[in-house]
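Pasting structure.tsv here (TSV, C-alpha atoms):
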chain	number	residue	atom	x	y	z
A	1	MET	CA	73.16	-9.68	-64.54
A	2	HIS	CA	73.37	-6.66	-62.27
A	3	PRO	CA	73.42	-3.19	-63.76
A	4	THR	CA	76.73	-1.40	-63.25
A	5	LEU	CA	77.00	1.33	-60.67
A	6	THR	CA	80.09	3.51	-60.56
A	7	SER	CA	81.35	5.12	-57.39
A	8	ASP	CA	81.33	8.49	-59.17
A	9	ARG	CA	77.61	8.07	-59.86
A	10	VAL	CA	76.91	7.06	-56.26
A	11	LEU	CA	78.93	10.00	-54.95
A	12	ALA	CA	77.03	12.42	-57.19
A	13	VAL	CA	73.72	11.02	-55.92
A	14	ILE	CA	74.84	11.28	-52.26
A	15	ARG	CA	75.94	14.88	-52.80
A	16	ALA	CA	72.71	15.87	-54.59
A	17	ALA	CA	70.44	14.28	-51.96
A	18	THR	CA	72.39	15.76	-49.03
A	19	GLU	CA	72.53	19.25	-50.48
A	20	ASP	CA	68.81	19.12	-51.37
A	21	VAL	CA	67.87	18.39	-47.75
A	22	PHE	CA	70.18	21.05	-46.33
A	23	GLN	CA	69.00	23.69	-48.80
A	24	THR	CA	65.29	22.86	-48.69
A	25	MET	CA	64.58	22.07	-45.05
A	26	LEU	CA	67.53	23.24	-42.96
A	27	MET	CA	68.74	26.34	-44.78
A	28	VAL	CA	72.18	25.75	-43.26
A	29	PRO	CA	75.15	26.27	-45.62
A	30	ILE	CA	77.42	23.27	-46.11
A	31	GLU	CA	80.71	22.94	-48.00
A	32	PRO	CA	81.71	19.64	-49.63
A	33	GLU	CA	85.14	18.26	-48.73
A	34	PRO	CA	87.09	15.63	-50.70
A	35	SER	CA	85.35	12.28	-50.85
A	36	PHE	CA	87.01	8.94	-50.12
A	37	HIS	CA	86.34	5.22	-49.80
A	38	GLU	CA	86.51	3.44	-46.47
A	39	GLN	CA	86.83	-0.32	-46.08
A	40	ALA	CA	84.87	-2.30	-43.49
A	41	ALA	CA	84.83	-1.24	-39.86
A	42	SER	CA	85.10	2.41	-38.98
A	43	GLN	CA	87.25	3.86	-36.22
A	44	SER	CA	85.85	4.58	-32.77
A	45	PHE	CA	83.48	7.50	-32.84
A	46	ASP	CA	82.04	10.05	-30.41
A	47	GLY	CA	78.74	11.60	-31.39
A	48	VAL	CA	75.56	10.86	-33.29
A	49	ILE	CA	75.21	8.34	-36.10
A	50	ALA	CA	71.97	7.54	-37.93
A	51	PHE	CA	71.48	4.65	-40.34
A	52	VAL	CA	68.80	3.85	-42.88
A	53	GLY	CA	68.87	0.47	-44.61
A	54	LEU	CA	68.20	-0.16	-48.30
A	55	ALA	CA	66.89	-3.47	-49.62
A	56	GLY	CA	66.11	-4.79	-53.08
A	57	PRO	CA	68.17	-5.96	-56.07
A	58	TRP	CA	70.94	-3.95	-54.41
A	59	ALA	CA	71.11	-3.68	-50.63
A	60	GLY	CA	73.10	-1.74	-48.06
A	61	SER	CA	72.98	1.21	-45.72
A	62	GLY	CA	73.14	4.98	-45.80
A	63	ARG	CA	74.56	6.78	-42.80
A	64	ILE	CA	75.13	10.26	-41.43
A	65	ALA	CA	77.64	10.93	-38.63
A	66	CYS	CA	78.17	14.19	-36.77
A	67	SER	CA	79.27	15.67	-33.46
A	68	PRO	CA	76.72	16.29	-30.68
A	69	ALA	CA	77.10	20.05	-31.23
A	70	LEU	CA	76.32	19.77	-34.94
A	71	ALA	CA	73.43	17.40	-34.25
A	72	CYS	CA	71.95	20.12	-32.00
A	73	ARG	CA	72.63	22.83	-34.60
A	74	ILE	CA	70.99	21.10	-37.56
A	75	SER	CA	68.09	19.75	-35.48
A	76	GLY	CA	67.49	23.29	-34.26
A	77	ALA	CA	67.51	24.51	-37.86
A	78	LEU	CA	64.93	21.86	-38.82
A	79	LEU	CA	62.63	22.68	-35.92
A	80	SER	CA	63.31	26.43	-35.66
A	81	CYS	CA	64.53	26.24	-32.09
A	82	GLU	CA	67.76	25.79	-30.14
A	83	PHE	CA	69.07	22.70	-28.40
A	84	ALA	CA	71.78	22.90	-25.76
A	85	ALA	CA	72.21	19.12	-25.55
A	86	VAL	CA	71.34	15.99	-27.48
A	87	THR	CA	67.77	15.11	-26.52
A	88	GLU	CA	65.14	12.70	-27.82
A	89	GLU	CA	63.96	15.48	-30.13
A	90	VAL	CA	67.47	15.89	-31.55
A	91	LEU	CA	67.84	12.15	-32.15
A	92	ASP	CA	64.43	12.06	-33.83
A	93	ALA	CA	65.37	15.02	-36.04
A	94	ILE	CA	68.71	13.49	-37.06
A	95	GLY	CA	66.90	10.24	-37.87
A	96	GLU	CA	64.45	12.10	-40.08
A	97	ILE	CA	67.19	14.09	-41.83
A	98	THR	CA	68.97	10.81	-42.58
A	99	ASN	CA	65.70	9.31	-43.78
A	100	MET	CA	65.22	12.19	-46.23
A	101	ILE	CA	68.81	12.02	-47.51
A	102	VAL	CA	68.82	8.23	-47.98
A	103	GLY	CA	65.29	8.44	-49.43
A	104	GLY	CA	66.58	10.89	-52.03
A	105	ILE	CA	69.51	8.58	-52.81
A	106	LYS	CA	67.14	5.62	-53.17
A	107	THR	CA	64.79	7.48	-55.50
A	108	ALA	CA	67.67	8.55	-57.75
A	109	LEU	CA	69.29	5.09	-57.87
A	110	GLU	CA	66.01	3.25	-58.45
A	111	GLU	CA	66.04	4.60	-62.01
A	112	GLU	CA	69.08	2.39	-62.67
A	113	LEU	CA	68.80	-0.41	-60.11
A	114	GLY	CA	65.07	-1.05	-59.84
A	115	PRO	CA	62.76	-0.72	-56.81
A	116	MET	CA	64.34	-0.70	-53.37
A	117	GLY	CA	62.83	-0.64	-49.89
A	118	LEU	CA	63.80	1.78	-47.15
A	119	SER	CA	64.04	0.89	-43.46
A	120	ILE	CA	63.04	3.21	-40.66
A	121	PRO	CA	66.05	5.08	-39.19
A	122	THR	CA	68.26	3.81	-36.36
A	123	VAL	CA	70.02	6.54	-34.38
A	124	ILE	CA	72.94	6.03	-31.98
A	125	PHE	CA	74.46	8.56	-29.60
A	126	GLY	CA	77.45	7.78	-27.44
A	127	ARG	CA	81.18	7.91	-26.89
A	128	ASN	CA	83.96	5.68	-28.15
A	129	TYR	CA	81.79	3.29	-30.10
A	130	GLN	CA	82.15	1.49	-33.41
A	131	THR	CA	79.46	0.48	-35.85
A	132	ARG	CA	79.55	-2.25	-38.44
A	133	ALA	CA	77.04	-3.41	-41.04
A	134	SER	CA	77.75	-7.02	-41.98
A	135	GLY	CA	78.37	-7.40	-45.70
A	136	ALA	CA	79.18	-3.73	-46.05
A	137	THR	CA	82.81	-3.64	-47.14
A	138	ASN	CA	83.22	-0.47	-49.15
A	139	TRP	CA	81.69	2.79	-48.04
A	140	ILE	CA	81.63	5.80	-50.32
A	141	VAL	CA	82.09	8.76	-47.99
A	142	ALA	CA	80.99	12.32	-48.74
A	143	PRO	CA	82.34	14.63	-46.03
A	144	TYR	CA	81.08	18.18	-45.47
A	145	ARG	CA	82.03	21.25	-43.49
A	146	CYS	CA	79.15	22.97	-41.72
A	147	GLU	CA	80.10	26.21	-39.98
A	148	SER	CA	82.93	25.18	-37.61
A	149	GLU	CA	81.99	21.49	-37.54
A	150	SER	CA	82.25	18.59	-39.96
A	151	PHE	CA	80.00	15.64	-40.75
A	152	ASP	CA	79.85	12.90	-43.33
A	153	VAL	CA	77.23	11.06	-45.34
A	154	ARG	CA	78.21	7.61	-46.55
A	155	LEU	CA	76.68	4.78	-48.47
A	156	CYS	CA	77.45	1.10	-48.97
A	157	LEU	CA	75.47	-0.71	-51.64
A	158	VAL	CA	76.11	-4.15	-53.14
A	159	PRO	CA	74.15	-6.51	-55.39
A	160	GLN	CA	71.77	-8.62	-53.33
A	161	ALA	CA	73.40	-11.96	-54.12
A	162	ARG	CA	76.60	-10.78	-52.45
A	163	VAL	CA	75.18	-9.11	-49.36
A	164	ALA	CA	74.87	-10.88	-46.04
A	165	PRO	CA	71.90	-10.03	-43.80
A	166	HIS	CA	72.55	-6.60	-42.34
A	167	ARG	CA	73.33	-6.58	-38.71
A	168	LEU	CA	74.33	-3.47	-36.81
A	169	GLU	CA	77.02	-4.14	-34.24
A	170	THR	CA	78.09	-1.55	-31.73
A	171	THR	CA	80.70	-1.48	-29.02
A	172	GLY	CA	81.48	1.34	-26.57
A	173	SER	CA	79.36	3.43	-24.22
A	174	LEU	CA	75.99	4.65	-25.39
A	175	VAL	CA	74.37	7.61	-23.65
B	1	MET	CA	34.59	26.54	-39.83
B	2	ALA	CA	37.62	25.12	-38.04
B	3	LEU	CA	39.38	22.20	-39.70
B	4	ASP	CA	40.46	19.24	-37.57
B	5	VAL	CA	43.58	17.58	-38.93
B	6	LEU	CA	45.33	14.25	-38.35
B	7	ILE	CA	49.10	14.17	-38.93
B	8	VAL	CA	50.59	10.67	-39.27
B	9	ASP	CA	54.38	10.34	-39.23
B	10	ASP	CA	56.80	8.32	-37.11
B	11	SER	CA	58.99	11.41	-36.75
B	12	ALA	CA	57.87	13.88	-34.09
B	13	ALA	CA	60.00	16.49	-35.88
B	14	ILE	CA	57.99	16.16	-39.09
B	15	ARG	CA	54.68	16.27	-37.18
B	16	LYS	CA	55.81	19.51	-35.55
B	17	ILE	CA	56.94	21.03	-38.87
B	18	LEU	CA	53.67	20.13	-40.60
B	19	GLN	CA	51.66	21.66	-37.79
B	20	ARG	CA	53.69	24.86	-38.20
B	21	VAL	CA	53.11	24.85	-41.97
B	22	LEU	CA	49.35	24.53	-41.43
B	23	VAL	CA	49.45	27.62	-39.22
B	24	GLN	CA	51.56	29.49	-41.80
B	25	ALA	CA	49.09	28.50	-44.51
B	26	GLU	CA	46.40	30.28	-42.49
B	27	VAL	CA	44.26	27.19	-42.35
B	28	ALA	CA	41.48	27.76	-39.80
B	29	LEU	CA	42.75	25.00	-37.57
B	30	GLY	CA	40.62	23.24	-35.01
B	31	SER	CA	42.19	20.29	-33.26
B	32	VAL	CA	45.39	18.72	-34.56
B	33	TYR	CA	45.72	15.03	-33.78
B	34	GLU	CA	48.98	13.12	-34.15
B	35	ALA	CA	49.81	9.48	-34.76
B	36	SER	CA	53.17	7.79	-35.25
B	37	ASP	CA	51.97	4.94	-37.51
B	38	GLY	CA	48.96	3.75	-39.47
B	39	GLN	CA	47.52	1.64	-36.67
B	40	GLU	CA	47.67	4.51	-34.19
B	41	ALA	CA	46.05	6.73	-36.82
B	42	LEU	CA	43.14	4.29	-37.24
B	43	ASP	CA	42.71	4.33	-33.46
B	44	ARG	CA	42.64	8.16	-33.46
B	45	LEU	CA	39.97	8.14	-36.17
B	46	LYS	CA	37.70	6.04	-33.95
B	47	GLN	CA	37.73	8.91	-31.45
B	48	ALA	CA	37.72	12.03	-33.61
B	49	ARG	CA	36.36	13.29	-36.90
B	50	VAL	CA	38.92	15.09	-39.02
B	51	GLY	CA	38.63	17.02	-42.27
B	52	LEU	CA	42.19	16.47	-43.50
B	53	ILE	CA	44.88	13.81	-43.11
B	54	LEU	CA	48.60	14.29	-43.80
B	55	SER	CA	50.39	10.95	-43.82
B	56	ASP	CA	53.87	9.53	-44.25
B	57	ILE	CA	54.34	6.17	-46.02
B	58	ASN	CA	57.33	4.45	-44.38
B	59	MET	CA	56.26	3.82	-40.79
B	60	PRO	CA	56.49	0.88	-38.38
B	61	ASN	CA	53.50	-1.37	-37.55
B	62	MET	CA	51.27	-0.15	-40.38
B	63	ASP	CA	52.63	1.89	-43.28
B	64	GLY	CA	50.89	4.82	-44.90
B	65	LEU	CA	49.69	2.94	-47.98
B	66	GLU	CA	47.94	0.27	-45.90
B	67	PHE	CA	46.45	3.00	-43.71
B	68	LEU	CA	45.21	4.81	-46.83
B	69	GLY	CA	43.69	1.63	-48.21
B	70	ARG	CA	41.92	0.93	-44.91
B	71	ILE	CA	40.34	4.36	-44.64
B	72	ARG	CA	39.27	4.43	-48.28
B	73	ALA	CA	37.48	1.11	-47.68
B	74	ASP	CA	35.57	2.63	-44.75
B	75	ALA	CA	32.45	4.61	-45.63
B	76	ALA	CA	33.12	7.01	-42.76
B	77	TRP	CA	36.50	8.07	-44.17
B	78	LYS	CA	36.38	7.40	-47.88
B	79	ASP	CA	35.98	11.08	-48.79
B	80	VAL	CA	38.33	12.76	-46.30
B	81	PRO	CA	41.21	14.48	-48.16
B	82	VAL	CA	44.56	12.73	-47.68
B	83	ILE	CA	47.96	14.13	-48.67
B	84	MET	CA	50.89	11.71	-48.59
B	85	ILE	CA	54.15	13.38	-47.48
B	86	THR	CA	57.03	10.97	-47.82
B	87	THR	CA	60.62	10.22	-48.80
B	88	GLU	CA	59.24	7.66	-51.27
B	89	GLY	CA	59.65	9.49	-54.56
B	90	SER	CA	59.45	6.70	-57.13
B	91	GLN	CA	56.71	6.84	-59.76
B	92	ASN	CA	55.59	3.41	-58.61
B	93	LYS	CA	54.84	4.63	-55.06
B	94	VAL	CA	53.18	7.81	-56.32
B	95	MET	CA	50.91	5.78	-58.60
B	96	GLN	CA	50.12	3.31	-55.81
B	97	ALA	CA	49.13	6.15	-53.47
B	98	LEU	CA	46.99	7.88	-56.09
B	99	GLN	CA	45.29	4.61	-57.07
B	100	LEU	CA	44.49	3.97	-53.41
B	101	GLY	CA	42.82	7.36	-53.25
B	102	ALA	CA	45.38	9.90	-52.09
B	103	ASN	CA	44.39	13.47	-53.01
B	104	GLY	CA	47.97	14.73	-53.15
B	105	TYR	CA	51.57	13.59	-52.89
B	106	VAL	CA	54.52	15.63	-51.63
B	107	LYS	CA	58.06	14.30	-51.56
B	108	LYS	CA	60.38	15.00	-48.63
B	109	PRO	CA	62.36	17.22	-48.39
B	110	PHE	CA	59.56	19.73	-48.92
B	111	THR	CA	59.12	23.46	-48.68
B	112	ALA	CA	56.25	25.10	-46.82
B	113	ASP	CA	55.07	26.47	-50.18
B	114	GLN	CA	54.74	22.96	-51.65
B	115	ILE	CA	52.47	21.92	-48.77
B	116	LYS	CA	50.48	25.16	-48.98
B	117	GLU	CA	49.99	24.65	-52.73
B	118	LYS	CA	48.61	21.15	-52.17
B	119	LEU	CA	46.33	22.40	-49.40
B	120	ALA	CA	45.03	25.20	-51.63
B	121	GLY	CA	44.14	22.69	-54.31
B	122	ILE	CA	42.25	20.46	-51.90
B	123	LEU	CA	40.59	22.62	-49.27

How does the structure come out when it is put into structure tokens?
Amino acid sequence: MHPTLTSDRVLAVIRAATEDVFQTMLMVPIEPEPSFHEQAASQSFDGVIAFVGLAGPWAGSGRIACSPALACRISGALLSCEFAAVTEEVLDAIGEITNMIVGGIKTALEEELGPMGLSIPTVIFGRNYQTRASGATNWIVAPYRCESESFDVRLCLVPQARVAPHRLETTGSLV
Amino acid sequence: MALDVLIVDDSAAIRKILQRVLVQAEVALGSVYEASDGQEALDRLKQARVGLILSDINMPNMDGLEFLGRIRADAAWKDVPVIMITTEGSQNKVMQALQLGANGYVKKPFTADQIKEKLAGIL
């Protein structure tokens, strides 16, 4: 029998892990905005998305999505420099920020769900693309305001018996 | 005497940050070598002697725990200080790393002071 996991608990863990990374390593103020649930496929997106997969008794994905401008801003904060455009360094930094956030989520949830594995990050940058993780049907979304931009951190996690193998599907133009 | 350091992490951003922290910690740095996974780190160690290793755990090709196990099994590297710096925060992973011979363990996200504190205890 799987342990129960409430969406309120997951949301609290997402918030704590995200705010820990922003306060500890980025020192960029962020403001939480109202959370929501999103079913299945997301709408077309322009910007940077990074995924980290979780595997174990429960499996799924954690994801951060932001505009190119915000990706440059928070990568610059991490590396103490400025980026005028999304570069390899920016994509690497966003991948690592996602890795730290999802790693924090994993560590917190392992207390209730048992050991889980963490994938290395996948980062996508482009225009008018969609992403989909097979088996991921209910994302818990924690949006934030950061200066004049917004971003969100989201998580989908389901008991292993119900999850299909994760496959990332993208459509649209990648740059 | 200058300290040569090997930083092992698949993120170039983290390698850059750790190098900056070493400078801030006023470590008398010699050469800083970088590797993006455990296998590349083993290759670096064939070419250079280092006095400190900072290593991630989750990496492609060869993860940090396997890398740690390999160097602790090698007489040439069994005593070199190793600090694991990783998103893996579970007690299980910490214990595994310490049992394999890690000298310190820092969880990401980290502050410069946390790294400096570990360095002070080891160097």

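The chain B residues that come within 10 Å of chain A are Asp10, Ser11, Ala12, Ala13, Ile14, Lys16, Ile17, Arg20, Asn58, Met59, Pro60, Thr86, Thr87, Glu88, Gly89, Ser90, Gln91, Asn92, Lys93, Lys107, Lys108, Pro109, Phe110, Thr111 and Ala112 of chain B, with all atoms listed in the file taken into account.
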
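The space separating CA of Leu6 in chain B from CA of Leu22 in chain B comes to 11.5 Å.
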
Exercise for review: Report the distance between CA of Gln99 in chain B and CA of Val52 in chain A in Å, rounded to one decimal place.
Suggested key: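 Calculated distance between CA of Gln99 in chain B and CA of Val52 in chain A is 27.5 Å.
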
Point to revise | Separation of CA of Ser31 in chain B from CA of Asp113 in chain B, in Å and rounded to one decimal | key: 22.1 Å

Practice item. Around the point (73.5, 4.7, -38.8), in the coordinates given by the file, pick out the residues reaching within 9 Å, counting all atoms listed in the file, and return them as a list in words. Key: Val48, Ile49, Ala50, Phe51, Val52, Gly53, Ser61, Gly62, Arg63, Ile64, Ala65, Gly95, Thr98, Pro121, Thr122, Val123, Ile124, Thr131 and Leu168 of chain A

Practice item. Please identify all polymer residues within 10 Å of Pro32 in chain A, counting all atoms listed in the file, omitting same-chain residues fewer than 2 positions from it, and present them as number ranges by chain. Key: A: 15, 19, 30, 34-35, 142-146, 150-152

Review point. Which of these, B:Ala35, B:Leu68, B:Ala120, B:Ile53, has the shortest distance to Asp9 in chain B once you count only C-alpha atoms?
Key: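 Ranked by minimum distance to Asp9 in chain B, first place goes to B:Ala35.
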
Check your understanding: For Ile71 in chain B, which residue out of B:Gln96, B:Gln19, B:Gln39, B:Gln24 is the nearest one, using all atoms listed in the file?
Key ->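 So, comparing all the options, the nearest one is B:Gln39.
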
Exercise for review: Tell me which of B:Leu18, B:Val32, B:Leu100, B:Leu65 sits closest to Ala48 in chain B, counting only C-alpha atoms.
Suggested key: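 Closest to Ala48 in chain B, using only C-alpha atoms: B:Val32.
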
**Study point:** Which residue of A:Arg132, A:Pro57, A:Ala16, A:Pro29 approaches Ile74 in chain A most closely, using only C-alpha atoms
**Key:** A:Pro29

Please rebuild range 77-112 of chain B with N, CA and C atoms and return the result as a PDB file, in the coordinates of the input.
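Saved the output as rebuild.pdb:
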ATOM      1  N   TRP B  77      35.277   7.325 -43.857  1.00  0.00           N
ATOM      2  CA  TRP B  77      36.500   8.070 -44.170  1.00  0.00           C
ATOM      3  C   TRP B  77      36.846   8.106 -45.649  1.00  0.00           C
ATOM      4  N   LYS B  78      35.973   7.545 -46.478  1.00  0.00           N
ATOM      5  CA  LYS B  78      36.380   7.400 -47.880  1.00  0.00           C
ATOM      6  C   LYS B  78      36.527   8.741 -48.612  1.00  0.00           C
ATOM      7  N   ASP B  79      35.896   9.800 -48.088  1.00  0.00           N
ATOM      8  CA  ASP B  79      35.980  11.080 -48.790  1.00  0.00           C
ATOM      9  C   ASP B  79      36.890  12.113 -48.112  1.00  0.00           C
ATOM     10  N   VAL B  80      37.482  11.769 -46.983  1.00  0.00           N
ATOM     11  CA  VAL B  80      38.330  12.760 -46.300  1.00  0.00           C
ATOM     12  C   VAL B  80      39.619  12.974 -47.118  1.00  0.00           C
ATOM     13  N   PRO B  81      39.986  14.244 -47.372  1.00  0.00           N
ATOM     14  CA  PRO B  81      41.210  14.480 -48.160  1.00  0.00           C
ATOM     15  C   PRO B  81      42.455  13.955 -47.452  1.00  0.00           C
ATOM     16  N   VAL B  82      43.313  13.279 -48.221  1.00  0.00           N
ATOM     17  CA  VAL B  82      44.560  12.730 -47.680  1.00  0.00           C
ATOM     18  C   VAL B  82      45.720  13.177 -48.568  1.00  0.00           C
ATOM     19  N   ILE B  83      46.725  13.776 -47.958  1.00  0.00           N
ATOM     20  CA  ILE B  83      47.960  14.130 -48.670  1.00  0.00           C
ATOM     21  C   ILE B  83      49.074  13.255 -48.117  1.00  0.00           C
ATOM     22  N   MET B  84      49.751  12.533 -49.001  1.00  0.00           N
ATOM     23  CA  MET B  84      50.890  11.710 -48.590  1.00  0.00           C
ATOM     24  C   MET B  84      52.149  12.585 -48.640  1.00  0.00           C
ATOM     25  N   ILE B  85      52.921  12.575 -47.553  1.00  0.00           N
ATOM     26  CA  ILE B  85      54.150  13.380 -47.480  1.00  0.00           C
ATOM     27  C   ILE B  85      55.268  12.434 -47.078  1.00  0.00           C
ATOM     28  N   THR B  86      56.167  12.130 -48.015  1.00  0.00           N
ATOM     29  CA  THR B  86      57.030  10.970 -47.820  1.00  0.00           C
ATOM     30  C   THR B  86      58.364  11.073 -48.555  1.00  0.00           C
ATOM     31  N   THR B  87      59.338  10.310 -48.084  1.00  0.00           N
ATOM     32  CA  THR B  87      60.620  10.220 -48.800  1.00  0.00           C
ATOM     33  C   THR B  87      60.509   9.336 -50.031  1.00  0.00           C
ATOM     34  N   GLU B  88      59.432   8.562 -50.134  1.00  0.00           N
ATOM     35  CA  GLU B  88      59.240   7.660 -51.270  1.00  0.00           C
ATOM     36  C   GLU B  88      58.908   8.486 -52.519  1.00  0.00           C
ATOM     37  N   GLY B  89      59.871   8.621 -53.411  1.00  0.00           N
ATOM     38  CA  GLY B  89      59.650   9.490 -54.560  1.00  0.00           C
ATOM     39  C   GLY B  89      59.502   8.768 -55.881  1.00  0.00           C
ATOM     40  N   SER B  90      59.522   7.425 -55.857  1.00  0.00           N
ATOM     41  CA  SER B  90      59.450   6.700 -57.130  1.00  0.00           C
ATOM     42  C   SER B  90      58.048   6.806 -57.728  1.00  0.00           C
ATOM     43  N   GLN B  91      57.989   6.768 -59.052  1.00  0.00           N
ATOM     44  CA  GLN B  91      56.710   6.840 -59.760  1.00  0.00           C
ATOM     45  C   GLN B  91      55.780   5.721 -59.312  1.00  0.00           C
ATOM     46  N   ASN B  92      56.365   4.563 -59.041  1.00  0.00           N
ATOM     47  CA  ASN B  92      55.590   3.410 -58.610  1.00  0.00           C
ATOM     48  C   ASN B  92      54.818   3.710 -57.330  1.00  0.00           C
ATOM     49  N   LYS B  93      55.496   4.316 -56.345  1.00  0.00           N
ATOM     50  CA  LYS B  93      54.840   4.630 -55.060  1.00  0.00           C
ATOM     51  C   LYS B  93      53.807   5.732 -55.243  1.00  0.00           C
ATOM     52  N   VAL B  94      54.144   6.723 -56.080  1.00  0.00           N
ATOM     53  CA  VAL B  94      53.180   7.810 -56.320  1.00  0.00           C
ATOM     54  C   VAL B  94      51.909   7.235 -56.931  1.00  0.00           C
ATOM     55  N   MET B  95      52.078   6.370 -57.931  1.00  0.00           N
ATOM     56  CA  MET B  95      50.910   5.780 -58.600  1.00  0.00           C
ATOM     57  C   MET B  95      50.101   4.927 -57.629  1.00  0.00           C
ATOM     58  N   GLN B  96      50.818   4.151 -56.801  1.00  0.00           N
ATOM     59  CA  GLN B  96      50.120   3.310 -55.810  1.00  0.00           C
ATOM     60  C   GLN B  96      49.264   4.179 -54.894  1.00  0.00           C
ATOM     61  N   ALA B  97      49.852   5.275 -54.400  1.00  0.00           N
ATOM     62  CA  ALA B  97      49.130   6.150 -53.470  1.00  0.00           C
ATOM     63  C   ALA B  97      47.915   6.778 -54.154  1.00  0.00           C
ATOM     64  N   LEU B  98      48.101   7.226 -55.389  1.00  0.00           N
ATOM     65  CA  LEU B  98      46.990   7.880 -56.090  1.00  0.00           C
ATOM     66  C   LEU B  98      45.887   6.864 -56.403  1.00  0.00           C
ATOM     67  N   GLN B  99      46.295   5.643 -56.780  1.00  0.00           N
ATOM     68  CA  GLN B  99      45.290   4.610 -57.070  1.00  0.00           C
ATOM     69  C   GLN B  99      44.510   4.216 -55.821  1.00  0.00           C
ATOM     70  N   LEU B 100      45.180   4.289 -54.665  1.00  0.00           N
ATOM     71  CA  LEU B 100      44.490   3.970 -53.410  1.00  0.00           C
ATOM     72  C   LEU B 100      43.583   5.109 -52.948  1.00  0.00           C
ATOM     73  N   GLY B 101      43.728   6.265 -53.574  1.00  0.00           N
ATOM     74  CA  GLY B 101      42.820   7.360 -53.250  1.00  0.00           C
ATOM     75  C   GLY B 101      43.437   8.562 -52.586  1.00  0.00           C
ATOM     76  N   ALA B 102      44.756   8.695 -52.641  1.00  0.00           N
ATOM     77  CA  ALA B 102      45.380   9.900 -52.090  1.00  0.00           C
ATOM     78  C   ALA B 102      44.971  11.105 -52.947  1.00  0.00           C
ATOM     79  N   ASN B 103      44.775  12.252 -52.287  1.00  0.00           N
ATOM     80  CA  ASN B 103      44.390  13.470 -53.010  1.00  0.00           C
ATOM     81  C   ASN B 103      45.613  14.290 -53.419  1.00  0.00           C
ATOM     82  N   GLY B 104      46.755  13.992 -52.818  1.00  0.00           N
ATOM     83  CA  GLY B 104      47.970  14.730 -53.150  1.00  0.00           C
ATOM     84  C   GLY B 104      49.179  13.951 -52.672  1.00  0.00           C
ATOM     85  N   TYR B 105      50.339  14.309 -53.210  1.00  0.00           N
ATOM     86  CA  TYR B 105      51.570  13.590 -52.890  1.00  0.00           C
ATOM     87  C   TYR B 105      52.705  14.609 -52.865  1.00  0.00           C
ATOM     88  N   VAL B 106      53.387  14.707 -51.748  1.00  0.00           N
ATOM     89  CA  VAL B 106      54.520  15.630 -51.630  1.00  0.00           C
ATOM     90  C   VAL B 106      55.735  14.838 -51.193  1.00  0.00           C
ATOM     91  N   LYS B 107      56.849  15.038 -51.899  1.00  0.00           N
ATOM     92  CA  LYS B 107      58.060  14.300 -51.560  1.00  0.00           C
ATOM     93  C   LYS B 107      58.913  15.098 -50.574  1.00  0.00           C
ATOM     94  N   LYS B 108      59.407  14.397 -49.544  1.00  0.00           N
ATOM     95  CA  LYS B 108      60.380  15.000 -48.630  1.00  0.00           C
ATOM     96  C   LYS B 108      61.757  14.966 -49.300  1.00  0.00           C
ATOM     97  N   PRO B 109      62.582  15.987 -49.146  1.00  0.00           N
ATOM     98  CA  PRO B 109      62.360  17.220 -48.390  1.00  0.00           C
ATOM     99  C   PRO B 109      61.363  18.125 -49.125  1.00  0.00           C
ATOM    100  N   PHE B 110      60.588  18.860 -48.335  1.00  0.00           N
ATOM    101  CA  PHE B 110      59.560  19.730 -48.920  1.00  0.00           C
ATOM    102  C   PHE B 110      59.736  21.153 -48.407  1.00  0.00           C
ATOM    103  N   THR B 111      59.177  22.080 -49.149  1.00  0.00           N
ATOM    104  CA  THR B 111      59.120  23.460 -48.680  1.00  0.00           C
ATOM    105  C   THR B 111      57.712  23.719 -48.163  1.00  0.00           C
ATOM    106  N   ALA B 112      57.582  24.729 -47.336  1.00  0.00           N
ATOM    107  CA  ALA B 112      56.250  25.100 -46.820  1.00  0.00           C
ATOM    108  C   ALA B 112      55.331  25.447 -47.992  1.00  0.00           C
TER     109      ALA B 112
END
